[in-house]
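S.K.: The structure that follows is given in the form of structure tokens.
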Amino acid sequence: MIGLIILFTFASIIVVALYAVLSQDVTQAVILFMGVGLGSVVLFLIFQAPDVALTEAVIGTGLSTAVFLLGIRHTSIDKEVKS
Amino acid sequence: MNLKKEFRLKHIVLSLLSSALMLSILGLLLHVKSGLHKSVGDIILTLNMETATANAVTSVVTFFRGIDTLGEVTVLFLATTGIALMLSTSQRTYEKVVHQESFILNIGSKLLLNVIILFGVYIIIHGHLSPGGGFQGGVVIATAFLLLFLANPNMHLNHFILTLGESLSGATFVLVGLIGLFKINILFGNFLPNPVSEIGELVSGGIIPIIYIIVGIKVGSEMSVIVEYFIKEDNKKEVSNA
């Protein structure tokens, strides 16, 4: 059972990472990258590393996504393309 | 067009190769039988009984590898200094942002702010008992400030208090390490009494809770300053656009 959960999490991480690499929109790629971090949080928890899981949840999916999104809004690639 | 297609094909091949590598590592991990090999982890776990911390990772991070933690804190300090150099301007007064944030964000941020800060302080104080520690708790506190800035862009942090707390905690961190060096001849040595009978209690483990509280204050103030610089830079751009 636990092996099935691990395999499912690995597969979803790979799929989300592929989407993040292939997506044309920068914002979409950043959000998908956050999904990769979320999957790795589950894996760290299953492999009994709650310290690393907490760090990944806070820094990998929380603060770095916010900083990426702020950077994108500052450089405003999307706005220029749309207008 | 052809070049773009080739580029994407390369991406796909790279992703497939790396995923195959991850799956092979997973297979290795699942086939290792536990209890056959005595690893570094076992030695550290037996040594951990001396430091009397319930969370074994904590004693590695602050005690066995204390100098590594000092290096990490230094790297973070340098990163903050670089960002401040790049993004801060000579004039401190920013023009007020006129656009109103949404009602839900305003009320929700006020409700959530106290809970997030409380959670960060809990992670810092219970660092030697449960997962977490100074770094994680500090970043949680910084995300609370990020939420506050998103809801209210015209807010200002008191830089004097932040700088004071950051430098004082950094100096105290080095001082604690030096006291250990002079008292028991180990840098970041545990010179306070840490009886094994008190394992699992809030005040236990000697200097480890002190180091984590110091690191929490340092990381929290540095990350808050980084977040403020990023948001203020963004606001400046919006004002100049309008």
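Note on naming: chains are A, B, ... as they come in the structure tokens, residues start from 1 per chain, ligands start from 1 in the order shown.
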Please determine the contact residues of chain A with respect to chain B at a cut-off of 6 Å, counting only C-alpha atoms, and supply them as number ranges by chain.
M.R.: A: 50-51, 55, 74
S.K.: I need the residues from that last selection saved to file as a PDB file, in the first residue's frame (with N, CA and C atoms), if you can.
M.R.:
```
ATOM      1  N   PRO A  50      10.816  14.374   8.442  1.00  0.00           N
ATOM      2  CA  PRO A  50       9.870  15.487   8.616  1.00  0.00           C
ATOM      3  C   PRO A  50      10.540  16.853   8.675  1.00  0.00           C
ATOM      4  N   ASP A  51      11.801  16.884   9.121  1.00  0.00           N
ATOM      5  CA  ASP A  51      12.522  18.168   9.136  1.00  0.00           C
ATOM      6  C   ASP A  51      12.681  18.725   7.732  1.00  0.00           C
ATOM      7  N   THR A  55      11.004  22.057   5.856  1.00  0.00           N
ATOM      8  CA  THR A  55      11.812  23.057   5.158  1.00  0.00           C
ATOM      9  C   THR A  55      11.351  23.227   3.715  1.00  0.00           C
ATOM     10  N   HIS A  74       7.194  42.025 -11.538  1.00  0.00           N
ATOM     11  CA  HIS A  74       8.064  43.190 -11.691  1.00  0.00           C
ATOM     12  C   HIS A  74       8.571  43.313 -13.125  1.00  0.00           C
TER      13      HIS A  74
END
```
S.K.: Nearest to Phe10 of chain A among A:Val52, A:Leu70, A:Leu63, A:Ile46, with distances taken over only C-alpha atoms: which residue is it?
M.R.: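 Using only C-alpha atoms, the shortest distance to Phe10 of chain A belongs to A:Ile46.
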S.K.: List as a list in words the protein and nucleic acid residues near Ile5 of chain A, meaning an atom at most 12 Å away when only C-alpha atoms are counted, but skip any in the same chain fewer than 5 places from it.
M.R.: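 Answer for this query is Phe10, Ala11, Ser12, Gly39, Val42, Leu43, Leu45, Ile46 and Phe47 of chain A.
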S.K.: When distances are computed from only C-alpha atoms, which of B:Met86, B:His31, B:Asn114, B:Glu228 shows the smallest separation from Ala66 of chain A?
M.R.: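 Among the listed residues, the smallest separation from Ala66 of chain A belongs to B:Glu228.
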S.K.: Measure the distance from atom CA of Arg65 of chain B to atom CA of Ser221 of chain B in Å and round it to one decimal.
M.R.: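 So the two atoms, atom CA of Arg65 of chain B and atom CA of Ser221 of chain B, lie 23.5 Å apart.
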S.K.: Determine, counting only C-alpha atoms, which protein, DNA and RNA residues have an atom within 9 Å of an atom of Ile13 of chain A; residues of the same chain fewer than 4 positions away are not included. Present the result as an MDAnalysis selection string.
M.R.: chainID A and resid 8:9 17:18 35:40
